$ cat my_file_16.pdb   # PDB, C-alpha atoms
ATOM      1  CA  MET A  27     -25.331  18.645  17.505
ATOM      2  CA  LYS A  28     -22.436  16.373  18.433
ATOM      3  CA  ILE A  29     -19.002  15.878  16.890
ATOM      4  CA  ILE A  30     -17.443  12.416  17.102
ATOM      5  CA  VAL A  31     -13.667  12.423  16.611
ATOM      6  CA  PRO A  32     -11.846   9.072  16.313
ATOM      7  CA  MET A  33      -8.130   9.739  16.832
ATOM      8  CA  ALA A  34      -6.755   6.513  18.286
ATOM      9  CA  GLY A  35      -4.047   5.782  15.692
ATOM     10  CA  ARG A  36      -0.402   6.527  16.467
ATOM     11  CA  GLY A  37       0.406   7.973  13.023
ATOM     12  CA  SER A  38       3.203   5.677  11.839
ATOM     13  CA  ARG A  39       3.582   7.542   8.507
ATOM     14  CA  LEU A  40       4.609  10.697  10.394
ATOM     15  CA  ARG A  41       7.389   9.111  12.425
ATOM     16  CA  PRO A  42       9.525  10.206  14.171
ATOM     17  CA  HIS A  43       7.230  13.147  14.966
ATOM     18  CA  THR A  44       4.476  10.857  16.241
ATOM     19  CA  LEU A  45       6.644   8.698  18.482
ATOM     20  CA  THR A  46       5.874  11.017  21.402
ATOM     21  CA  VAL A  47       3.102  13.302  20.062
ATOM     22  CA  PRO A  48      -0.189  11.915  18.653
ATOM     23  CA  LYS A  49      -0.600  12.926  15.004
ATOM     24  CA  PRO A  50      -3.813  14.921  15.625
ATOM     25  CA  LEU A  51      -1.849  17.145  18.004
ATOM     26  CA  ILE A  52       0.942  17.949  15.525
ATOM     27  CA  PRO A  53       0.646  21.717  14.963
ATOM     28  CA  VAL A  54      -0.084  23.110  11.508
ATOM     29  CA  ALA A  55       0.329  26.885  11.208
ATOM     30  CA  GLY A  56       0.656  27.017  14.978
ATOM     31  CA  GLU A  57      -2.433  25.024  15.979
ATOM     32  CA  PRO A  58      -2.911  21.250  16.434
ATOM     33  CA  ILE A  59      -4.548  19.468  13.508
ATOM     34  CA  VAL A  60      -7.531  18.257  15.545
ATOM     35  CA  HIS A  61      -8.154  21.746  16.964
ATOM     36  CA  ARG A  62      -8.276  23.275  13.493
ATOM     37  CA  LEU A  63     -10.472  20.487  12.154
ATOM     38  CA  VAL A  64     -13.066  20.668  14.922
ATOM     39  CA  LYS A  65     -13.241  24.475  14.757
ATOM     40  CA  ASP A  66     -13.663  24.409  10.969
ATOM     41  CA  ILE A  67     -16.468  21.850  11.250
ATOM     42  CA  ALA A  68     -18.172  23.943  13.921
ATOM     43  CA  ASN A  69     -18.001  26.949  11.569
ATOM     44  CA  VAL A  70     -19.513  24.968   8.701
ATOM     45  CA  LEU A  71     -22.339  23.635  10.874
ATOM     46  CA  ASN A  72     -23.090  27.124  12.203
ATOM     47  CA  GLN A  73     -25.121  25.751  15.097
ATOM     48  CA  PRO A  74     -24.449  25.040  18.779
ATOM     49  CA  ILE A  75     -22.244  22.019  19.542
ATOM     50  CA  ASP A  76     -23.493  20.187  22.627
ATOM     51  CA  GLU A  77     -20.826  17.514  22.924
ATOM     52  CA  ILE A  78     -17.529  16.527  21.353
ATOM     53  CA  ALA A  79     -16.649  12.866  21.838
ATOM     54  CA  PHE A  80     -12.964  12.046  21.377
ATOM     55  CA  ILE A  81     -11.960   8.409  20.868
ATOM     56  CA  LEU A  82      -8.384   7.885  22.001
ATOM     57  CA  GLY A  83      -6.053   4.910  21.988
ATOM     58  CA  ASP A  84      -3.439   3.685  24.442
ATOM     59  CA  PRO A  85      -3.470   5.846  27.615
ATOM     60  CA  ALA A  86       0.315   5.586  27.730
ATOM     61  CA  PHE A  87       0.400   7.552  24.450
ATOM     62  CA  PHE A  88      -2.837   9.548  24.645
ATOM     63  CA  GLY A  89      -2.363  10.561  28.289
ATOM     64  CA  LYS A  90      -3.763  13.186  30.645
ATOM     65  CA  GLU A  91      -2.074  16.060  28.831
ATOM     66  CA  VAL A  92      -3.841  15.056  25.623
ATOM     67  CA  GLU A  93      -7.167  14.771  27.451
ATOM     68  CA  GLU A  94      -6.769  18.234  28.967
ATOM     69  CA  SER A  95      -5.935  19.726  25.556
ATOM     70  CA  LEU A  96      -9.114  18.240  24.076
ATOM     71  CA  LYS A  97     -11.253  19.384  26.991
ATOM     72  CA  GLU A  98      -9.984  22.924  26.473
ATOM     73  CA  LEU A  99     -10.840  22.670  22.778
ATOM     74  CA  ALA A 100     -14.416  21.636  23.581
ATOM     75  CA  LYS A 101     -14.731  24.306  26.255
ATOM     76  CA  GLY A 102     -13.779  26.957  23.695
ATOM     77  CA  LEU A 103     -16.775  25.851  21.624
ATOM     78  CA  ASN A 104     -19.102  25.795  24.650
ATOM     79  CA  ALA A 105     -19.389  22.023  24.348
ATOM     80  CA  LYS A 106     -18.974  19.112  26.730
ATOM     81  CA  ALA A 107     -15.921  16.933  26.081
ATOM     82  CA  THR A 108     -16.336  13.179  26.480
ATOM     83  CA  ILE A 109     -13.267  10.948  26.349
ATOM     84  CA  TYR A 110     -13.509   7.342  25.177
ATOM     85  CA  ARG A 111     -10.846   4.702  24.638
ATOM     86  CA  GLN A 112     -10.529   2.300  21.738
ATOM     87  CA  ASP A 113      -8.887  -0.656  23.452
ATOM     88  CA  GLN A 114      -7.800  -2.360  20.215
ATOM     89  CA  PRO A 115      -6.908  -0.937  16.765
ATOM     90  CA  LEU A 116      -9.793  -2.658  14.996
ATOM     91  CA  GLY A 117     -10.815  -0.058  12.431
ATOM     92  CA  THR A 118     -13.024   2.968  11.929
ATOM     93  CA  GLY A 119     -16.309   1.240  12.707
ATOM     94  CA  HIS A 120     -14.912  -0.220  15.915
ATOM     95  CA  ALA A 121     -13.555   3.201  16.914
ATOM     96  CA  ILE A 122     -16.964   4.849  16.506
ATOM     97  CA  MET A 123     -18.635   2.099  18.518
ATOM     98  CA  SER A 124     -16.158   2.742  21.328
ATOM     99  CA  ALA A 125     -18.185   5.943  21.866
ATOM    100  CA  LYS A 126     -21.574   4.219  21.686
ATOM    101  CA  GLU A 127     -22.928   6.052  24.755
ATOM    102  CA  SER A 128     -22.691   9.307  22.767
ATOM    103  CA  LEU A 129     -24.186   7.952  19.531
ATOM    104  CA  SER A 130     -27.592   9.588  19.512
ATOM    105  CA  GLY A 131     -29.184  12.523  17.724
ATOM    106  CA  PRO A 132     -27.551  14.607  14.983
ATOM    107  CA  ALA A 133     -23.798  14.208  14.801
ATOM    108  CA  VAL A 134     -20.731  14.682  12.634
ATOM    109  CA  VAL A 135     -18.009  12.030  12.510
ATOM    110  CA  ALA A 136     -14.584  13.406  11.573
ATOM    111  CA  TYR A 137     -11.253  11.621  11.394
ATOM    112  CA  ALA A 138      -8.511  13.814  12.774
ATOM    113  CA  ASP A 139      -5.835  13.546  10.083
ATOM    114  CA  THR A 140      -7.256  15.994   7.576
ATOM    115  CA  LEU A 141      -8.156  19.678   7.344
ATOM    116  CA  ILE A 142     -10.853  21.363   5.289
ATOM    117  CA  LYS A 143     -12.037  24.718   4.057
ATOM    118  CA  ALA A 144     -15.754  24.733   3.285
ATOM    119  CA  ASP A 145     -18.804  26.955   3.290
ATOM    120  CA  PHE A 146     -22.158  25.265   2.693
ATOM    121  CA  LYS A 147     -25.404  24.397   4.449
ATOM    122  CA  LEU A 148     -26.305  20.848   5.379
ATOM    123  CA  ASP A 149     -29.140  19.292   3.389
ATOM    124  CA  GLU A 150     -31.547  18.682   6.255
ATOM    125  CA  ALA A 151     -33.775  16.554   4.030
ATOM    126  CA  ALA A 152     -31.017  13.940   3.873
ATOM    127  CA  ASP A 153     -30.524  11.190   6.429
ATOM    128  CA  ALA A 154     -26.782  11.629   6.107
ATOM    129  CA  VAL A 155     -24.146  13.699   4.326
ATOM    130  CA  ILE A 156     -20.717  12.513   3.245
ATOM    131  CA  TRP A 157     -18.136  15.233   2.700
ATOM    132  CA  THR A 158     -16.309  14.888  -0.625
ATOM    133  CA  LYS A 159     -13.727  16.716  -2.721
ATOM    134  CA  LYS A 160     -13.396  16.701  -6.495
ATOM    135  CA  VAL A 161     -10.091  15.040  -7.432
ATOM    136  CA  ASP A 162      -8.169  14.560 -10.670
ATOM    137  CA  ASN A 163      -7.246  10.923  -9.957
ATOM    138  CA  PRO A 164     -10.312   9.249  -8.427
ATOM    139  CA  GLU A 165      -8.798   5.798  -8.954
ATOM    140  CA  ALA A 166      -6.536   6.542  -5.972
ATOM    141  CA  TYR A 167      -9.401   7.213  -3.545
ATOM    142  CA  GLY A 168     -12.660   5.935  -2.217
ATOM    143  CA  VAL A 169     -15.369   7.718  -4.203
ATOM    144  CA  VAL A 170     -19.151   8.087  -4.149
ATOM    145  CA  ASN A 171     -21.500   6.887  -6.882
ATOM    146  CA  LEU A 172     -24.444   9.241  -7.413
ATOM    147  CA  ASN A 173     -27.867   8.675  -8.974
ATOM    148  CA  GLU A 174     -29.815  11.153 -11.108
ATOM    149  CA  ASN A 175     -31.033  12.917  -7.942
ATOM    150  CA  ASP A 176     -27.447  13.457  -6.735
ATOM    151  CA  GLU A 177     -27.994  10.942  -3.959
ATOM    152  CA  ILE A 178     -25.157   8.636  -2.947
ATOM    153  CA  ILE A 179     -26.073   5.068  -3.811
ATOM    154  CA  GLU A 180     -22.689   3.406  -3.497
ATOM    155  CA  LEU A 181     -19.215   3.792  -2.001
ATOM    156  CA  VAL A 182     -16.466   2.466  -4.267
ATOM    157  CA  GLU A 183     -12.889   2.034  -3.072
ATOM    158  CA  LYS A 184     -10.203   2.910  -5.646
ATOM    159  CA  PRO A 185     -12.333   2.206  -8.733
ATOM    160  CA  SER A 186     -10.555   0.678 -11.738
ATOM    161  CA  SER A 187     -13.055   2.353 -14.084
ATOM    162  CA  PHE A 188     -14.616   5.805 -13.705
ATOM    163  CA  VAL A 189     -17.425   6.058 -11.143
ATOM    164  CA  SER A 190     -17.167   9.714 -10.115
ATOM    165  CA  ASP A 191     -14.508  12.263  -9.270
ATOM    166  CA  GLN A 192     -15.902  12.947  -5.766
ATOM    167  CA  ALA A 193     -13.497  11.463  -3.207
ATOM    168  CA  VAL A 194     -14.592  10.663   0.356
ATOM    169  CA  ILE A 195     -12.481  12.691   2.790
ATOM    170  CA  GLY A 196     -13.470  11.098   6.098
ATOM    171  CA  ILE A 197     -16.104  13.501   7.453
ATOM    172  CA  TYR A 198     -19.753  12.463   7.766
ATOM    173  CA  TYR A 199     -23.022  13.940   9.069
ATOM    174  CA  PHE A 200     -25.878  11.787  10.369
ATOM    175  CA  LYS A 201     -29.298  13.215  11.130
ATOM    176  CA  ASP A 202     -29.594  10.528  13.815
ATOM    177  CA  ILE A 203     -26.335   8.731  14.460
ATOM    178  CA  SER A 204     -28.123   6.074  16.467
ATOM    179  CA  VAL A 205     -29.127   4.577  13.093
ATOM    180  CA  LEU A 206     -25.452   4.161  12.197
ATOM    181  CA  LYS A 207     -24.845   2.787  15.675
ATOM    182  CA  GLY A 208     -27.428   0.061  15.094
ATOM    183  CA  LYS A 209     -25.917  -0.886  11.748
ATOM    184  CA  LEU A 210     -22.376  -0.934  13.108
ATOM    185  CA  GLN A 211     -23.585  -3.196  15.907
ATOM    186  CA  GLU A 212     -24.792  -5.570  13.191
ATOM    187  CA  VAL A 213     -21.374  -5.332  11.520
ATOM    188  CA  LEU A 214     -19.696  -6.326  14.795
ATOM    189  CA  GLU A 215     -22.135  -9.145  15.495
ATOM    190  CA  GLU A 216     -21.826 -10.497  11.939
ATOM    191  CA  ASN A 217     -18.019 -10.111  12.153
ATOM    192  CA  ILE A 218     -17.834  -8.214   8.844
ATOM    193  CA  MET A 219     -14.166  -7.276   8.562
ATOM    194  CA  HIS A 220     -11.807  -5.991   5.886
ATOM    195  CA  GLY A 221      -8.096  -6.362   6.477
ATOM    196  CA  GLY A 222      -8.818  -7.437  10.036
ATOM    197  CA  GLU A 223     -10.813  -4.278  10.795
ATOM    198  CA  TYR A 224     -14.438  -3.189  11.176
ATOM    199  CA  GLN A 225     -15.146  -0.282   8.816
ATOM    200  CA  ILE A 226     -17.641   2.596   8.954
ATOM    201  CA  ASN A 227     -18.435   1.951   5.275
ATOM    202  CA  ASP A 228     -20.119  -1.364   6.093
ATOM    203  CA  GLY A 229     -22.481   0.407   8.483
ATOM    204  CA  ILE A 230     -23.173   3.056   5.843
ATOM    205  CA  LYS A 231     -23.859   0.393   3.207
ATOM    206  CA  LYS A 232     -26.419  -1.211   5.522
ATOM    207  CA  MET A 233     -28.114   2.191   5.950
ATOM    208  CA  MET A 234     -28.237   2.627   2.155
ATOM    209  CA  ALA A 235     -29.726  -0.833   1.785
ATOM    210  CA  ASP A 236     -32.537   0.325   4.095
ATOM    211  CA  GLY A 237     -33.243   3.269   1.792
ATOM    212  CA  LYS A 238     -31.625   6.013   3.859
ATOM    213  CA  VAL A 239     -30.862   9.105   1.759
ATOM    214  CA  PHE A 240     -27.199  10.128   1.564
ATOM    215  CA  LYS A 241     -26.102  13.420  -0.027
ATOM    216  CA  THR A 242     -22.697  14.984  -0.621
ATOM    217  CA  GLY A 243     -21.238  18.015   1.080
ATOM    218  CA  THR A 244     -18.457  19.327  -1.141
ATOM    219  CA  VAL A 245     -15.492  21.094   0.454
ATOM    220  CA  ASP A 246     -13.463  23.819  -1.232
ATOM    221  CA  GLU A 247     -10.152  22.589   0.139
ATOM    222  CA  TRP A 248      -9.038  19.231   1.506
ATOM    223  CA  MET A 249      -5.617  19.083   3.127
ATOM    224  CA  ASP A 250      -4.033  15.839   4.234
ATOM    225  CA  CYS A 251      -1.691  15.423   7.189
ATOM    226  CA  GLY A 252      -0.839  11.777   6.616
ATOM    227  CA  ASN A 253       2.933  12.039   6.249
ATOM    228  CA  LYS A 254       5.743  14.551   6.487
ATOM    229  CA  LYS A 255       5.590  15.741   2.871
ATOM    230  CA  VAL A 256       1.868  16.427   2.759
ATOM    231  CA  THR A 257       1.876  17.909   6.278
ATOM    232  CA  VAL A 258       4.467  20.482   5.207
ATOM    233  CA  GLU A 259       2.356  21.197   2.092
ATOM    234  CA  THR A 260      -0.744  21.586   4.267
ATOM    235  CA  ASN A 261       1.148  23.975   6.542
ATOM    236  CA  THR A 262       1.959  26.084   3.457
ATOM    237  CA  ARG A 263      -1.640  26.137   2.252
ATOM    238  CA  MET A 264      -3.022  26.923   5.699
ATOM    239  CA  LEU A 265      -0.586  29.821   6.144
ATOM    240  CA  ASN A 266      -1.776  31.239   2.827
ATOM    241  CA  PHE A 267      -5.418  31.025   3.939
ATOM    242  CA  LEU A 268      -4.732  32.628   7.310
ATOM    243  CA  HIS A 269      -2.648  35.388   5.733
ATOM    244  CA  SER A 270      -5.455  36.134   3.259
ATOM    245  CA  ASP A 271      -7.861  36.327   6.196
ATOM    246  CA  LYS A 272      -5.470  38.835   7.796
ATOM    247  CA  GLU A 273      -4.985  36.753  10.928
ATOM    248  CA  LYS A 274      -2.160  37.749  13.250
ATOM    249  CA  LEU A 275       0.498  35.091  12.781
ATOM    250  CA  VAL A 276       3.620  36.537  14.415
ATOM    251  CA  ALA A 277       3.659  36.910  18.199
ATOM    252  CA  ASP A 278       4.576  40.262  19.715
ATOM    253  CA  SER A 279       7.193  38.532  21.880
ATOM    254  CA  VAL A 280       9.315  37.456  18.883
ATOM    255  CA  GLN A 281      12.859  38.858  19.056
ATOM    256  CA  LEU A 282      14.260  39.898  15.675
ATOM    257  CA  ASN A 283      18.029  40.470  15.683
ATOM    258  CA  ASN A 284      19.387  41.248  12.223
ATOM    259  CA  SER A 285      16.690  38.952  10.856
ATOM    260  CA  LYS A 286      13.731  39.140   8.518
ATOM    261  CA  ILE A 287      10.440  37.303   8.133
ATOM    262  CA  ILE A 288       9.051  36.767   4.630
ATOM    263  CA  GLU A 289       5.275  36.341   4.939
ATOM    264  CA  PRO A 290       3.266  34.294   5.369
ATOM    265  CA  CYS A 291       4.801  32.695   8.449
ATOM    266  CA  TYR A 292       3.599  31.634  11.861
ATOM    267  CA  ILE A 293       6.057  32.534  14.625
ATOM    268  CA  GLY A 294       5.044  31.592  18.178
ATOM    269  CA  GLU A 295       5.719  33.122  21.558
ATOM    270  CA  ASN A 296       9.243  33.843  22.826
ATOM    271  CA  VAL A 297      10.981  32.884  19.589
ATOM    272  CA  VAL A 298      14.451  34.368  19.066
ATOM    273  CA  LEU A 299      15.666  34.963  15.504
ATOM    274  CA  GLU A 300      19.283  36.051  15.021
ATOM    275  CA  ASN A 301      20.972  36.543  11.647
ATOM    276  CA  ALA A 302      18.143  34.550  10.123
ATOM    277  CA  THR A 303      15.841  34.727   7.120
ATOM    278  CA  ILE A 304      12.543  32.983   7.766
ATOM    279  CA  GLY A 305       9.931  32.298   5.120
ATOM    280  CA  PRO A 306       7.883  32.154   3.205
ATOM    281  CA  HIS A 307       5.642  29.387   4.518
ATOM    282  CA  VAL A 308       7.381  28.597   7.797
ATOM    283  CA  SER A 309       5.775  27.750  11.139
ATOM    284  CA  ILE A 310       7.917  28.007  14.263
ATOM    285  CA  GLY A 311       6.461  27.017  17.633
ATOM    286  CA  ASP A 312       6.907  28.651  21.019
ATOM    287  CA  ASN A 313      10.301  29.041  22.710
ATOM    288  CA  CYS A 314      12.465  28.232  19.695
ATOM    289  CA  SER A 315      15.691  29.933  18.678
ATOM    290  CA  VAL A 316      17.049  30.194  15.139
ATOM    291  CA  SER A 317      20.434  31.683  14.331
ATOM    292  CA  ASP A 318      22.591  32.068  11.242
ATOM    293  CA  SER A 319      20.002  30.203   9.193
ATOM    294  CA  THR A 320      17.711  30.412   6.197
ATOM    295  CA  ILE A 321      14.445  28.488   6.476
ATOM    296  CA  LYS A 322      11.523  28.266   4.060
ATOM    297  CA  ASN A 323       8.565  25.946   3.473
ATOM    298  CA  SER A 324       9.121  24.245   6.815
ATOM    299  CA  LEU A 325       7.438  23.347  10.083
ATOM    300  CA  ILE A 326       9.313  23.543  13.385
ATOM    301  CA  GLN A 327       7.564  22.645  16.624
ATOM    302  CA  THR A 328       8.409  23.966  20.112
ATOM    303  CA  HIS A 329      11.513  24.442  22.288
ATOM    304  CA  SER A 330      13.899  23.697  19.418
ATOM    305  CA  GLU A 331      17.257  25.259  18.505
ATOM    306  CA  ILE A 332      18.389  25.672  14.898
ATOM    307  CA  LYS A 333      21.872  26.951  13.982
ATOM    308  CA  ASN A 334      23.838  27.327  10.758
ATOM    309  CA  ALA A 335      21.052  25.755   8.736
ATOM    310  CA  LYS A 336      19.632  26.077   5.276
ATOM    311  CA  LEU A 337      16.285  24.290   5.404
ATOM    312  CA  ASN A 338      13.562  23.810   2.803
ATOM    313  CA  ASN A 339      10.581  21.434   3.062
ATOM    314  CA  ALA A 340      11.768  20.431   6.527
ATOM    315  CA  MET A 341       9.878  19.241   9.584
ATOM    316  CA  VAL A 342      11.527  19.501  13.008
ATOM    317  CA  GLY A 343       9.964  18.214  16.215
ATOM    318  CA  ASN A 344       9.890  19.439  19.813
ATOM    319  CA  HIS A 345      13.016  19.957  21.928
ATOM    320  CA  ALA A 346      15.265  19.289  18.930
ATOM    321  CA  ARG A 347      18.712  20.733  18.320
ATOM    322  CA  PHE A 348      20.155  21.086  14.840
ATOM    323  CA  ASP A 349      23.496  22.644  13.911
ATOM    324  CA  GLY A 350      24.158  22.665  10.180
ATOM    325  CA  ASN A 351      27.902  22.598  10.902
ATOM    326  CA  PHE A 352      27.576  19.310  12.762
ATOM    327  CA  THR A 353      30.487  16.887  12.987
ATOM    328  CA  GLU A 354      28.793  14.630  15.536
ATOM    329  CA  ILE A 355      25.192  13.415  15.406
ATOM    330  CA  SER A 356      22.746  11.542  17.649
ATOM    331  CA  ILE A 357      19.824  10.325  15.534
ATOM    332  CA  GLY A 358      17.034   8.201  16.993
ATOM    333  CA  ASP A 359      14.690   5.636  15.474
ATOM    334  CA  TYR A 360      12.806   6.628  12.303
ATOM    335  CA  SER A 361      14.774   9.867  11.867
ATOM    336  CA  VAL A 362      15.517  11.106   8.341
ATOM    337  CA  LEU A 363      18.312  13.341   7.007
ATOM    338  CA  GLU A 364      18.035  14.129   3.279
TER     339      GLU A 364
END
$ encode --input "my_file_16.pdb" --output "structure tokens"
Amino acid sequence: MKIIVPMAGRGSRLRPHTLTVPKPLIPVAGEPIVHRLVKDIANVLNQPIDEIAFILGDPAFFGKEVEESLKELAKGLNAKATIYRQDQPLGTGHAIMSAKESLSGPAVVAYADTLIKADFKLDEAADAVIWTKKVDNPEAYGVVNLNENDEIIELVEKPSSFVSDQAVIGIYYFKDISVLKGKLQEVLEENIMHGGEYQINDGIKKMMADGKVFKTGTVDEWMDCGNKKVTVETNTRMLNFLHSDKEKLVADSVQLNNSKIIEPCYIGENVVLENATIGPHVSIGDNCSVSDSTIKNSLIQTHSEIKNAKLNNAMVGNHARFDGNFTEISIGDYSVLE
């Protein structure tokens, strides 16, 4: 089994956090989004992963440090990591075809801006499986249209009238991904584009036209990481899951000085808390210090210093300094104070 992970986009909706850190490497509950996603998929598949192919963008942004992080992720799953580059931002189909040397045999394609919780077995009688989640407002999503045998016969983007309430979440299984590869090659050769991009859906539609059987794989939870608001919400939900699973979330090296932690929270290594109340639903990365502050429902990355703050639904990046008693500020591009 292979996992194909397109992650070339820069994540403009999460600026300023993605000006220096690719969105898939933003930590949620202490672990990068792409790491959590790949591990969760591996758990669902419950079979050996031979290769994980990562499709990255501009080397100036997705550099050697990113590559090494992804290689370590694959190594932890006893898989080979293969790094590809998408030289132009030309859509999901183009991204997958950037890894064409790895497109053979059974594979899962997963876009690295979402997290899932799921527990099901793949329908091995199907040629492909599209992961979906039941939603209350299907008109806001791409959804699947099912026949009487619960086979997917159509993909409909933001339907104006009811088609189904099963939204496509961006994770796909192919019994033989070389079939998709062939269809996406046709899409490229026929120059089938939408909004100036080549889309995976056009390759899937060609497979359906050939009679390939598509089934749904329904997830229990689908958590988006598309912008700051939903990323903070996803951090909250993930902390709840991890706490319920009794995972250790607070490092032994945390220094608590006249401070308290209201669970669930993730507190990384060498964090110093002084005269602070943290939680619930806060993630603080390694080597941060927080003093004279109250923080809840927030996500703080690494090497940051927070003083005299009262934060709720906040997201703070790496190497940041925030003093709630500020009289002088230095705010860069895309920064937000609310």
$ resolve_selection --input "my_file_16.pdb" --expression "the PyMOL selection byres ((chain A and resi 238) around 12)" --output "PyMOL selection string"
chain A and resi 151-155+177-180+200-202+205-206+209+229-237+239-241
$ atom_distance --input "my_file_16.pdb" --atom1 "CA of Asn175 in chain A" --atom2 "CA of Ser187 in chain A"
21.7 Å
$ atom_distance --input "my_file_16.pdb" --atom1 "CA of Asn173 in chain A" --atom2 "CA of Ile226 in chain A"
21.5 Å
$ atom_distance --input "my_file_16.pdb" --atom1 "CA of Gly117 in chain A" --atom2 "CA of His220 in chain A"
8.9 Å
$ closest_residue --input "my_file_16.pdb" --among "A:Gln327, A:Thr260, A:Ser124, A:Thr244" --to "Asp149 in chain A" --atoms "only C-alpha atoms"
A:Thr244
$ residues_around --input "my_file_16.pdb" --residues "Asn266 in chain A" --least-positions-apart "4" --cutoff "7 Å" --atoms "all atoms listed in the file" --output "list in words"
Thr262, Ser270 and Pro290 of chain A
$ closest_residue --input "my_file_16.pdb" --among "A:Leu129, A:Val342, A:Ile59, A:Val256" --to "Met33 in chain A" --atoms "only C-alpha atoms"
A:Ile59
$ residues_around --input "my_file_16.pdb" --residues "range 89-95 of chain A" --least-positions-apart "5" --cutoff "9 Å" --atoms "all atoms listed in the file" --output "list of chain:residue names"
A:Pro48, A:Leu51, A:Phe80, A:Leu82, A:Asp84, A:Ala100, A:Ile109
$ resolve_selection --input "my_file_16.pdb" --expression "the PyMOL selection byres ((chain A and resi 63-67) around 9)" --output "PyMOL selection string"
chain A and resi 29+31+58-62+68-72+78+99-100+103+134+136-144
$ residues_around --input "my_file_16.pdb" --residues "Asn104 in chain A" --least-positions-apart "2" --cutoff "9 Å" --atoms "all atoms listed in the file" --output "number ranges by chain"
A: 74-77, 100-102, 106
$ resolve_selection --input "my_file_16.pdb" --expression "the PyMOL selection byres ((chain A and resi 316-322) around 10)" --output "JSON, numbers by chain"
{"A": [262, 283, 284, 285, 286, 287, 288, 291, 297, 298, 299, 300, 301, 302, 303, 304, 305, 306, 307, 308, 309, 310, 314, 315, 323, 324, 325, 326, 330, 331, 332, 333, 334, 335, 336, 337, 338, 339, 340, 348, 349, 350]}
$ residues_around --input "my_file_16.pdb" --residues "Val170 in chain A" --least-positions-apart "2" --cutoff "8 Å" --atoms "only C-alpha atoms" --output "list in words"
Gly168, Leu172, Ile178, Ile179, Glu180, Leu181, Val182, Val189, Ser190, Gln192, Ala193 and Val194 of chain A
$ build_atoms --input "my_file_16.pdb" --residues "range 89-100 of chain A" --atoms "N, CA, C and O atoms" --output "PDB file, in the coordinates of the input"
ATOM      1  N   GLY A  89      -2.259  10.446  26.835  1.00  0.00           N
ATOM      2  CA  GLY A  89      -2.363  10.561  28.289  1.00  0.00           C
ATOM      3  C   GLY A  89      -3.183  11.757  28.746  1.00  0.00           C
ATOM      4  O   GLY A  89      -3.947  12.360  27.997  1.00  0.00           O
ATOM      5  N   LYS A  90      -2.988  12.111  30.004  1.00  0.00           N
ATOM      6  CA  LYS A  90      -3.763  13.186  30.645  1.00  0.00           C
ATOM      7  C   LYS A  90      -3.554  14.524  29.957  1.00  0.00           C
ATOM      8  O   LYS A  90      -4.490  15.329  29.842  1.00  0.00           O
ATOM      9  N   GLU A  91      -2.337  14.779  29.504  1.00  0.00           N
ATOM     10  CA  GLU A  91      -2.074  16.060  28.831  1.00  0.00           C
ATOM     11  C   GLU A  91      -2.903  16.173  27.554  1.00  0.00           C
ATOM     12  O   GLU A  91      -3.429  17.243  27.237  1.00  0.00           O
ATOM     13  N   VAL A  92      -3.012  15.060  26.819  1.00  0.00           N
ATOM     14  CA  VAL A  92      -3.841  15.056  25.623  1.00  0.00           C
ATOM     15  C   VAL A  92      -5.303  15.295  25.992  1.00  0.00           C
ATOM     16  O   VAL A  92      -6.001  16.098  25.360  1.00  0.00           O
ATOM     17  N   GLU A  93      -5.782  14.596  27.015  1.00  0.00           N
ATOM     18  CA  GLU A  93      -7.167  14.771  27.451  1.00  0.00           C
ATOM     19  C   GLU A  93      -7.451  16.225  27.808  1.00  0.00           C
ATOM     20  O   GLU A  93      -8.495  16.775  27.420  1.00  0.00           O
ATOM     21  N   GLU A  94      -6.550  16.846  28.552  1.00  0.00           N
ATOM     22  CA  GLU A  94      -6.769  18.234  28.967  1.00  0.00           C
ATOM     23  C   GLU A  94      -6.800  19.169  27.766  1.00  0.00           C
ATOM     24  O   GLU A  94      -7.594  20.113  27.713  1.00  0.00           O
ATOM     25  N   SER A  95      -5.941  18.912  26.774  1.00  0.00           N
ATOM     26  CA  SER A  95      -5.935  19.726  25.556  1.00  0.00           C
ATOM     27  C   SER A  95      -7.274  19.638  24.840  1.00  0.00           C
ATOM     28  O   SER A  95      -7.823  20.655  24.378  1.00  0.00           O
ATOM     29  N   LEU A  96      -7.840  18.440  24.774  1.00  0.00           N
ATOM     30  CA  LEU A  96      -9.114  18.240  24.076  1.00  0.00           C
ATOM     31  C   LEU A  96     -10.279  18.843  24.864  1.00  0.00           C
ATOM     32  O   LEU A  96     -11.228  19.370  24.277  1.00  0.00           O
ATOM     33  N   LYS A  97     -10.208  18.766  26.169  1.00  0.00           N
ATOM     34  CA  LYS A  97     -11.253  19.384  26.991  1.00  0.00           C
ATOM     35  C   LYS A  97     -11.260  20.900  26.821  1.00  0.00           C
ATOM     36  O   LYS A  97     -12.325  21.533  26.769  1.00  0.00           O
ATOM     37  N   GLU A  98     -10.063  21.482  26.707  1.00  0.00           N
ATOM     38  CA  GLU A  98      -9.984  22.924  26.473  1.00  0.00           C
ATOM     39  C   GLU A  98     -10.553  23.286  25.107  1.00  0.00           C
ATOM     40  O   GLU A  98     -11.213  24.306  24.948  1.00  0.00           O
ATOM     41  N   LEU A  99     -10.284  22.450  24.113  1.00  0.00           N
ATOM     42  CA  LEU A  99     -10.840  22.670  22.778  1.00  0.00           C
ATOM     43  C   LEU A  99     -12.362  22.692  22.829  1.00  0.00           C
ATOM     44  O   LEU A  99     -13.006  23.597  22.264  1.00  0.00           O
ATOM     45  N   ALA A 100     -12.957  21.696  23.484  1.00  0.00           N
ATOM     46  CA  ALA A 100     -14.416  21.636  23.581  1.00  0.00           C
ATOM     47  C   ALA A 100     -14.970  22.833  24.353  1.00  0.00           C
ATOM     48  O   ALA A 100     -15.984  23.426  23.958  1.00  0.00           O
TER      49      ALA A 100
END
